[in-house]
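Structure below is work10.json: JSON, C-alpha atoms.
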```json
[["chain", "number", "residue", "atom", "x", "y", "z"],
["A", 662, "MET", "CA", -19.71, 27.41, -1.67],
["A", 663, "ARG", "CA", -17.69, 29.75, 0.52],
["A", 664, "ALA", "CA", -14.04, 28.84, 1.05],
["A", 665, "ILE", "CA", -10.77, 30.32, 2.20],
["A", 666, "GLN", "CA", -8.28, 30.17, -0.63],
["A", 667, "ILE", "CA", -4.67, 31.24, -1.21],
["A", 668, "THR", "CA", -3.20, 32.16, -4.59],
["A", 669, "GLU", "CA", 0.22, 33.10, -3.25],
["A", 670, "PHE", "CA", 2.33, 31.87, -0.34],
["A", 671, "GLY", "CA", 2.80, 33.90, 2.82],
["A", 672, "GLY", "CA", 1.27, 34.65, 6.18],
["A", 673, "PRO", "CA", -2.37, 35.20, 7.21],
["A", 674, "GLU", "CA", -2.62, 38.14, 4.83],
["A", 675, "VAL", "CA", -2.76, 35.78, 1.81],
["A", 676, "LEU", "CA", -5.96, 34.08, 3.01],
["A", 677, "ARG", "CA", -8.99, 35.20, 1.00],
["A", 678, "GLN", "CA", -12.69, 34.31, 1.26],
["A", 679, "VAL", "CA", -13.97, 33.29, -2.17],
["A", 680, "GLU", "CA", -16.85, 31.48, -3.85],
["A", 681, "LEU", "CA", -15.85, 28.16, -5.41],
["A", 682, "PRO", "CA", -17.69, 25.18, -6.90],
["A", 683, "ALA", "CA", -18.28, 22.44, -4.36],
["A", 684, "PRO", "CA", -15.93, 19.47, -4.79],
["A", 685, "GLU", "CA", -17.14, 16.25, -6.35],
["A", 686, "ALA", "CA", -16.73, 12.96, -4.54],
["A", 687, "GLN", "CA", -14.25, 10.67, -6.31],
["A", 688, "PRO", "CA", -14.30, 6.90, -5.75],
["A", 689, "GLY", "CA", -13.30, 6.10, -2.18],
["A", 690, "HIS", "CA", -14.09, 9.63, -0.99],
["A", 691, "LEU", "CA", -16.86, 11.23, 1.04],
["A", 692, "LEU", "CA", -18.34, 14.70, 0.76],
["A", 693, "VAL", "CA", -18.65, 16.34, 4.16],
["A", 694, "GLU", "CA", -20.66, 19.46, 4.99],
["A", 695, "VAL", "CA", -18.14, 21.13, 7.27],
["A", 696, "SER", "CA", -19.32, 22.40, 10.66],
["A", 697, "SER", "CA", -15.82, 23.10, 12.03],
["A", 698, "ALA", "CA", -12.30, 23.04, 10.67],
["A", 699, "GLY", "CA", -9.13, 22.69, 12.69],
["A", 700, "ILE", "CA", -6.62, 25.54, 12.56],
["A", 701, "ASN", "CA", -3.30, 23.90, 13.31],
["A", 702, "PHE", "CA", 0.27, 25.16, 13.43],
["A", 703, "ALA", "CA", 0.88, 22.83, 10.50],
["A", 704, "ASP", "CA", -1.42, 24.99, 8.40],
["A", 705, "THR", "CA", 1.04, 27.88, 8.66],
["A", 706, "HIS", "CA", 3.70, 25.70, 7.02],
["A", 707, "THR", "CA", 1.28, 24.76, 4.26],
["A", 708, "VAL", "CA", 0.30, 28.37, 3.57],
["A", 709, "GLU", "CA", 3.97, 29.44, 3.59],
["A", 710, "ASP", "CA", 5.03, 26.42, 1.49],
["A", 711, "SER", "CA", 7.69, 25.59, 4.09],
["A", 712, "TYR", "CA", 7.03, 21.85, 4.37],
["A", 713, "LEU", "CA", 9.38, 19.29, 2.82],
["A", 714, "SER", "CA", 6.39, 18.23, 0.71],
["A", 715, "ARG", "CA", 5.63, 21.24, -1.42],
["A", 716, "SER", "CA", 2.27, 22.99, -1.66],
["A", 717, "THR", "CA", 0.63, 23.92, -4.95],
["A", 718, "LEU", "CA", -1.49, 26.93, -5.90],
["A", 719, "PRO", "CA", -4.30, 27.83, -5.86],
["A", 720, "MET", "CA", -5.14, 26.06, -2.61],
["A", 721, "VAL", "CA", -7.86, 25.81, 0.00],
["A", 722, "PRO", "CA", -5.96, 24.95, 3.20],
["A", 723, "GLY", "CA", -7.28, 22.91, 6.10],
["A", 724, "ALA", "CA", -6.48, 19.29, 6.88],
["A", 725, "GLU", "CA", -8.86, 18.59, 9.80],
["A", 726, "ILE", "CA", -12.64, 18.83, 9.63],
["A", 727, "VAL", "CA", -15.80, 17.84, 11.46],
["A", 728, "GLY", "CA", -19.14, 17.69, 9.72],
["A", 729, "ARG", "CA", -21.90, 15.51, 8.29],
["A", 730, "THR", "CA", -21.97, 13.32, 5.24],
["A", 731, "SER", "CA", -24.93, 13.18, 2.85],
["A", 732, "ASP", "CA", -26.33, 10.17, 4.73],
["A", 733, "GLY", "CA", -26.22, 12.03, 8.06],
["A", 734, "ARG", "CA", -23.07, 10.55, 9.60],
["A", 735, "ARG", "CA", -21.21, 12.96, 11.85],
["A", 736, "VAL", "CA", -17.50, 12.45, 11.18],
["A", 737, "VAL", "CA", -14.09, 13.87, 11.96],
["A", 738, "ALA", "CA", -11.65, 13.47, 9.11],
["A", 739, "LEU", "CA", -8.24, 14.25, 7.75],
["A", 740, "ALA", "CA", -8.33, 16.00, 4.39],
["A", 741, "ASP", "CA", -5.77, 16.51, 1.65],
["A", 742, "ASN", "CA", -6.28, 20.23, 2.33],
["A", 743, "GLY", "CA", -9.63, 21.77, 1.37],
["A", 744, "GLY", "CA", -10.96, 21.93, 4.92],
["A", 745, "TYR", "CA", -11.45, 25.70, 5.06],
["A", 746, "ALA", "CA", -14.67, 25.45, 3.10],
["A", 747, "GLU", "CA", -18.37, 24.72, 3.50],
["A", 748, "VAL", "CA", -17.95, 21.33, 1.81],
["A", 749, "ALA", "CA", -14.83, 19.14, 1.71],
["A", 750, "ALA", "CA", -13.95, 15.85, 0.03],
["A", 751, "VAL", "CA", -12.09, 13.37, 2.23],
["A", 752, "ARG", "CA", -10.82, 9.85, 1.84],
["A", 753, "GLU", "CA", -13.36, 7.47, 3.32],
["A", 754, "TYR", "CA", -10.79, 5.55, 5.36],
["A", 755, "LEU", "CA", -9.65, 8.79, 7.03],
["A", 756, "ALA", "CA", -13.16, 9.65, 8.29],
["A", 757, "HIS", "CA", -14.26, 8.46, 11.71],
["A", 758, "ASP", "CA", -17.67, 8.64, 13.34],
["A", 759, "VAL", "CA", -18.03, 11.14, 16.20],
["A", 760, "PRO", "CA", -20.38, 10.38, 19.12],
["A", 761, "GLU", "CA", -22.93, 13.12, 19.73],
["A", 762, "GLY", "CA", -21.52, 13.73, 23.21],
["A", 763, "VAL", "CA", -18.20, 14.85, 21.74],
["A", 764, "THR", "CA", -17.96, 18.48, 20.62],
["A", 765, "ASP", "CA", -16.44, 19.57, 17.33],
["A", 766, "GLY", "CA", -13.49, 21.09, 19.16],
["A", 767, "GLN", "CA", -12.81, 17.93, 21.14],
["A", 768, "ALA", "CA", -12.91, 15.78, 18.02],
["A", 769, "LEU", "CA", -10.57, 18.12, 16.14],
["A", 770, "ALA", "CA", -8.13, 18.17, 19.06],
["A", 771, "LEU", "CA", -7.80, 14.40, 18.94],
["A", 772, "ILE", "CA", -7.48, 13.70, 15.22],
["A", 773, "VAL", "CA", -3.93, 15.09, 14.83],
["A", 774, "GLN", "CA", -2.71, 16.56, 18.10],
["A", 775, "GLY", "CA", -4.13, 13.84, 20.33],
["A", 776, "LEU", "CA", -2.78, 11.00, 18.20],
["A", 777, "THR", "CA", 0.56, 12.78, 17.97],
["A", 778, "ALA", "CA", 0.81, 13.10, 21.74],
["A", 779, "TRP", "CA", -0.16, 9.44, 22.23],
["A", 780, "HIS", "CA", 2.42, 8.15, 19.76],
["A", 781, "LEU", "CA", 5.15, 10.45, 21.05],
["A", 782, "LEU", "CA", 4.83, 8.93, 24.50],
["A", 783, "ARG", "CA", 3.87, 5.34, 23.69],
["A", 784, "THR", "CA", 5.39, 4.52, 20.31],
["A", 785, "SER", "CA", 8.47, 6.74, 20.21],
["A", 786, "ALA", "CA", 9.46, 7.37, 23.84],
["A", 787, "ARG", "CA", 8.06, 4.07, 25.17],
["A", 788, "ILE", "CA", 7.23, 5.71, 28.46],
["A", 789, "ALA", "CA", 7.42, 3.53, 31.57],
["A", 790, "ALA", "CA", 5.73, 4.24, 34.88],
["A", 791, "GLY", "CA", 7.82, 6.40, 37.18],
["A", 792, "GLU", "CA", 9.90, 8.06, 34.47],
["A", 793, "SER", "CA", 10.39, 11.81, 34.30],
["A", 794, "VAL", "CA", 8.95, 13.54, 31.24],
["A", 795, "VAL", "CA", 9.68, 17.02, 29.89],
["A", 796, "VAL", "CA", 6.93, 18.48, 27.71],
["A", 797, "HIS", "CA", 7.97, 21.59, 25.82],
["A", 798, "ALA", "CA", 5.23, 24.05, 24.76],
["A", 799, "ALA", "CA", 3.05, 22.37, 27.37],
["A", 800, "ALA", "CA", 0.15, 24.79, 26.93],
["A", 801, "GLY", "CA", -0.07, 24.18, 23.18],
["A", 802, "GLY", "CA", -2.29, 21.72, 21.37],
["A", 803, "THR", "CA", -0.05, 18.64, 21.39],
["A", 804, "GLY", "CA", 1.77, 19.64, 24.57],
["A", 805, "SER", "CA", -1.35, 20.10, 26.67],
["A", 806, "LEU", "CA", -2.60, 16.66, 25.64],
["A", 807, "ALA", "CA", 0.84, 15.11, 26.22],
["A", 808, "VAL", "CA", 0.84, 16.43, 29.80],
["A", 809, "GLN", "CA", -2.51, 14.79, 30.48],
["A", 810, "LEU", "CA", -1.52, 11.52, 28.81],
["A", 811, "ALA", "CA", 1.81, 11.35, 30.63],
["A", 812, "LYS", "CA", -0.11, 11.71, 33.88],
["A", 813, "SER", "CA", -2.44, 8.87, 32.98],
["A", 814, "PHE", "CA", 0.50, 6.71, 31.84],
["A", 815, "GLY", "CA", 2.07, 6.96, 35.30],
["A", 816, "ALA", "CA", 4.94, 9.39, 34.72],
["A", 817, "GLY", "CA", 6.96, 9.92, 37.89],
["A", 818, "ARG", "CA", 7.42, 13.64, 37.28],
["A", 819, "ILE", "CA", 6.07, 15.82, 34.49],
["A", 820, "ILE", "CA", 8.10, 18.95, 33.82],
["A", 821, "ALA", "CA", 6.35, 21.46, 31.58],
["A", 822, "THR", "CA", 7.95, 24.39, 29.80],
["A", 823, "ALA", "CA", 6.03, 27.43, 28.58],
["A", 824, "SER", "CA", 6.81, 31.05, 27.78],
["A", 825, "THR", "CA", 4.40, 32.84, 30.13],
["A", 826, "LYS", "CA", 3.10, 32.44, 33.66],
["A", 827, "GLU", "CA", -0.44, 31.95, 32.36],
["A", 828, "LYS", "CA", 0.67, 29.08, 30.16],
["A", 829, "ARG", "CA", 2.71, 27.53, 32.95],
["A", 830, "ASP", "CA", -0.29, 27.76, 35.28],
["A", 831, "LEU", "CA", -2.41, 25.98, 32.66],
["A", 832, "ALA", "CA", 0.15, 23.18, 32.39],
["A", 833, "LEU", "CA", 0.04, 22.73, 36.16],
["A", 834, "GLU", "CA", -3.76, 22.59, 36.08],
["A", 835, "LEU", "CA", -3.56, 19.88, 33.43],
["A", 836, "GLY", "CA", -1.33, 17.68, 35.58],
["A", 837, "ALA", "CA", 2.28, 18.84, 35.31],
["A", 838, "ASP", "CA", 4.23, 18.57, 38.56],
["A", 839, "ILE", "CA", 6.37, 21.61, 37.86],
["A", 840, "ALA", "CA", 6.48, 24.25, 35.11],
["A", 841, "VAL", "CA", 9.55, 26.24, 34.09],
["A", 842, "ASP", "CA", 10.30, 29.06, 31.69],
["A", 843, "ALA", "CA", 10.82, 28.06, 28.05],
["A", 844, "ASP", "CA", 13.81, 30.36, 27.43],
["A", 845, "ALA", "CA", 16.68, 28.33, 25.97],
["A", 846, "GLU", "CA", 19.21, 30.22, 28.10],
["A", 847, "GLY", "CA", 19.78, 28.16, 31.24],
["A", 848, "MET", "CA", 17.19, 25.55, 30.25],
["A", 849, "LYS", "CA", 19.41, 22.53, 30.92],
["A", 850, "GLU", "CA", 19.97, 23.70, 34.49],
["A", 851, "ARG", "CA", 16.26, 24.44, 35.04],
["A", 852, "LEU", "CA", 15.22, 21.01, 33.79],
["A", 853, "VAL", "CA", 17.73, 19.19, 35.98],
["A", 854, "GLU", "CA", 16.79, 21.31, 38.99],
["A", 855, "ALA", "CA", 13.10, 20.62, 38.34],
["A", 856, "ASN", "CA", 13.89, 16.90, 38.44],
["A", 857, "ASP", "CA", 15.49, 17.10, 41.91],
["A", 858, "GLY", "CA", 19.00, 17.45, 40.50],
["A", 859, "LYS", "CA", 18.78, 14.41, 38.22],
["A", 860, "LYS", "CA", 18.81, 14.35, 34.44],
["A", 861, "VAL", "CA", 15.49, 13.51, 32.81],
["A", 862, "ASP", "CA", 14.27, 10.32, 31.15],
["A", 863, "ILE", "CA", 12.09, 11.64, 28.32],
["A", 864, "VAL", "CA", 11.87, 14.96, 26.46],
["A", 865, "LEU", "CA", 9.21, 15.81, 23.89],
["A", 866, "GLU", "CA", 10.80, 18.57, 21.81],
["A", 867, "MET", "CA", 9.34, 20.63, 18.97],
["A", 868, "THR", "CA", 11.21, 23.93, 19.08],
["A", 869, "GLY", "CA", 14.60, 23.11, 17.62],
["A", 870, "GLY", "CA", 17.80, 25.14, 17.74],
["A", 871, "PRO", "CA", 19.21, 25.87, 21.21],
["A", 872, "VAL", "CA", 16.17, 24.33, 22.93],
["A", 873, "PHE", "CA", 17.02, 21.01, 21.30],
["A", 874, "ASP", "CA", 20.64, 21.30, 22.45],
["A", 875, "ALA", "CA", 19.65, 22.16, 26.02],
["A", 876, "SER", "CA", 17.15, 19.32, 26.10],
["A", 877, "LEU", "CA", 19.72, 16.84, 24.87],
["A", 878, "ALA", "CA", 22.18, 18.05, 27.48],
["A", 879, "ALA", "CA", 19.58, 17.46, 30.22],
["A", 880, "LEU", "CA", 18.90, 13.88, 29.11],
["A", 881, "ALA", "CA", 19.86, 11.00, 31.40],
["A", 882, "PRO", "CA", 21.77, 7.94, 30.15],
["A", 883, "PHE", "CA", 19.35, 5.73, 28.17],
["A", 884, "GLY", "CA", 16.92, 8.65, 28.07],
["A", 885, "ARG", "CA", 14.87, 9.41, 24.96],
["A", 886, "LEU", "CA", 14.51, 12.74, 23.23],
["A", 887, "VAL", "CA", 11.66, 12.70, 20.73],
["A", 888, "THR", "CA", 11.71, 15.62, 18.33],
["A", 889, "TYR", "CA", 8.57, 16.30, 16.29],
["A", 890, "GLY", "CA", 8.93, 19.82, 14.98],
["A", 891, "MET", "CA", 11.04, 22.93, 14.64],
["A", 892, "ALA", "CA", 8.78, 25.80, 15.64],
["A", 893, "SER", "CA", 11.71, 28.18, 16.04],
["A", 894, "ARG", "CA", 12.70, 27.54, 12.40],
["A", 895, "VAL", "CA", 16.30, 27.31, 13.70],
["A", 896, "PRO", "CA", 18.02, 24.02, 12.78],
["A", 897, "ARG", "CA", 20.30, 22.20, 15.18],
["A", 898, "ARG", "CA", 23.93, 22.85, 14.31],
["A", 899, "ARG", "CA", 25.87, 20.86, 16.90],
["A", 900, "SER", "CA", 27.59, 17.71, 15.67],
["A", 901, "ARG", "CA", 27.54, 16.07, 19.08],
["A", 902, "PRO", "CA", 25.76, 16.55, 22.41],
["A", 903, "PRO", "CA", 27.01, 19.41, 24.60],
["A", 904, "SER", "CA", 28.65, 18.46, 27.87]]
```

Encoding of this model in structure tokens:
Amino acid sequence: MRAIQITEFGGPEVLRQVELPAPEAQPGHLLVEVSSAGINFADTHTVEDSYLSRSTLPMVPGAEIVGRTSDGRRVVALADNGGYAEVAAVREYLAHDVPEGVTDGQALALIVQGLTAWHLLRTSARIAAGESVVVHAAAGGTGSLAVQLAKSFGAGRIIATASTKEKRDLALELGADIAVDADAEGMKERLVEANDGKKVDIVLEMTGGPVFDASLAALAPFGRLVTYGMASRVPRRRSRPPS
């Protein structure tokens, strides 16, 4: 079968198309003929070996797939890598049937990013109707879904951040009430201004570094900042919230 494999860690340049034997289904696993594979930001960490859980070589990346099993079921599944291939083995309990009216892309958007957005708002932030919500990287995979979910959950004001006008316009189309520039410089002031001069109730933050600090500074008393990534690769260094 054709697959994308890495034999060294790095950026996109280490990805190679190769021919490999198809995997064999172990007990409790399914073989899936892959029609589409998700390409997620998480995959860049895997290929770089920059996760806390280490990667091993050689590797076929890809943790999200859609395809058909040998008995004709159309499923979306999480894989222990191996998704960038024509056939992938997945744990049976991590495979879910996909209705024919749902496209591959829609199914892949929901399996990681959609569930992440849902749990960020419901499980972690415990959003209540009328609360203000800041969604960083609001045009990205998780962010764009979080904007739409926050709207459906009754958020009082959704403040999106994004790095370009095109991305901010997209966030507004998806349901954000206001969209501001994602630059960390002056972010606290922009967020407060966007919330009619009041500090915000909820922030979904995945950039890290100075964006985390500015977000924390913009948080209202009893507000919740939910951090779920560090895309900037810059750790937070402050020992306490800035004034």

Counting all atoms listed in the file, which residue out of A:Ser785, A:Thr668, A:Ser731, A:Thr868 sits closest to Val887 (chain A)?
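Smallest separation from Val887 (chain A) among the options: A:Ser785.
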
Using all atoms listed in the file, find the one residue out of A:Thr717, A:Gly728, A:Ile700, A:Glu747 that sits nearest to Pro684 (chain A).
A:Glu747

Pull the neighbourhood of (-4.6, 14.6, 2.5) for me: all residues within 9 Å in file coordinates, counting only C-alpha atoms, as an mmCIF file with C-alpha atoms, keeping the file's coordinate frame.
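Generated file (result_14.cif):
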```cif
data_model
loop_
_atom_site.group_PDB
_atom_site.id
_atom_site.type_symbol
_atom_site.label_atom_id
_atom_site.label_comp_id
_atom_site.auth_asym_id
_atom_site.auth_seq_id
_atom_site.Cartn_x
_atom_site.Cartn_y
_atom_site.Cartn_z
ATOM 1 C CA ALA A 724 -6.480 19.290 6.880
ATOM 2 C CA LEU A 739 -8.240 14.250 7.750
ATOM 3 C CA ALA A 740 -8.330 16.000 4.390
ATOM 4 C CA ASP A 741 -5.770 16.510 1.650
ATOM 5 C CA ASN A 742 -6.280 20.230 2.330
ATOM 6 C CA GLY A 743 -9.630 21.770 1.370
ATOM 7 C CA VAL A 751 -12.090 13.370 2.230
ATOM 8 C CA ARG A 752 -10.820 9.850 1.840
ATOM 9 C CA LEU A 755 -9.650 8.790 7.030
#
```

Which of these residues is nearest to Tyr754 (chain A), using only C-alpha atoms: A:Val737, A:Val895, A:Val675, A:Ala770?
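That would be A:Val737, the residue with the smallest distance to Tyr754 (chain A).
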
Using only C-alpha atoms, the best pick from A:Ala832, A:Ala683, A:Leu810, A:Leu877 as closest to Gln774 (chain A) would be A:Leu810

Within 8 Å of region 786-803 of chain A, which residues of region 835-903 of chain A come that close, and what is the closest atom pair and distance in Å for each? Count all atoms listed in the file and give it as a Markdown table.
```
| residue | atom | partner | partner_atom | distance |
| --- | --- | --- | --- | --- |
| A:Ala843 | CA | A:His797 | CA | 7.4 |
| A:Leu852 | CA | A:Val795 | CA | 7.9 |
| A:Asn856 | CA | A:Ser793 | CA | 7.4 |
| A:Val861 | CA | A:Ser793 | CA | 5.6 |
| A:Asp862 | CA | A:Ser793 | CA | 5.2 |
| A:Ile863 | CA | A:Val794 | CA | 4.7 |
| A:Val864 | CA | A:Val795 | CA | 4.6 |
| A:Leu865 | CA | A:Val796 | CA | 5.2 |
| A:Glu866 | CA | A:His797 | CA | 5.8 |
| A:Met867 | CA | A:His797 | CA | 7.1 |
| A:Thr868 | CA | A:His797 | CA | 7.8 |
| A:Arg885 | CA | A:Ala786 | CA | 5.9 |
| A:Leu886 | CA | A:Ala786 | CA | 7.4 |
| A:Val887 | CA | A:Ala786 | CA | 6.6 |
```

Need the shell around Leu769 (chain A): protein/DNA/RNA residues with any atom at most 7 Å away, counting only C-alpha atoms. Skip same-chain ones fewer than 2 positions apart. Format as a list in words?
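Surrounding residues, per the criterion: Gly699, Glu725, Ile726, Val737, Asp765, Gly766, Gln767, Leu771 and Ile772 of chain A.
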
For CA of Val763 (chain A) and CA of Ala746 (chain A), the interatomic separation in Å (one decimal):
21.7 Å

Using only C-alpha atoms, which protein or nucleic acid residues come within 8 Å of Val759 (chain A)? Drop anything in the same chain fewer than 5 positions from it, and give the result as a VMD selection string.
chain A and resid 735 to 737 768

Emit the selected residues as a JSON list (two decimals), keeping the file's coordinate frame, including C-alpha atoms.
```
[["chain", "number", "residue", "atom", "x", "y", "z"],
["A", 735, "ARG", "CA", -21.21, 12.96, 11.85],
["A", 736, "VAL", "CA", -17.50, 12.45, 11.18],
["A", 737, "VAL", "CA", -14.09, 13.87, 11.96],
["A", 768, "ALA", "CA", -12.91, 15.78, 18.02]]
```

Can you measure CA of Asp857 (chain A) to CA of Ala881 (chain A) for me? One decimal in Å is fine.
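One can read the CA of Asp857 (chain A) to CA of Ala881 (chain A) distance as 12.9 Å.
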
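One finds CA of Gln678 (chain A) at 5.6 Å from CA of Ala664 (chain A).
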
Among the residues A:Asp842, A:Glu674, A:Asp710, A:Glu753, the one that comes closest to Lys828 (chain A) [using all atoms listed in the file]:
A:Asp842

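Distance cut-off 7 Å, centre (-16.4, 10.9, 3.2), atoms counted all atoms listed in the file; the residues meeting this are His690, Leu691, Leu692, Val693, Thr730, Ala750, Val751, Arg752, Glu753 and Ala756 of chain A.
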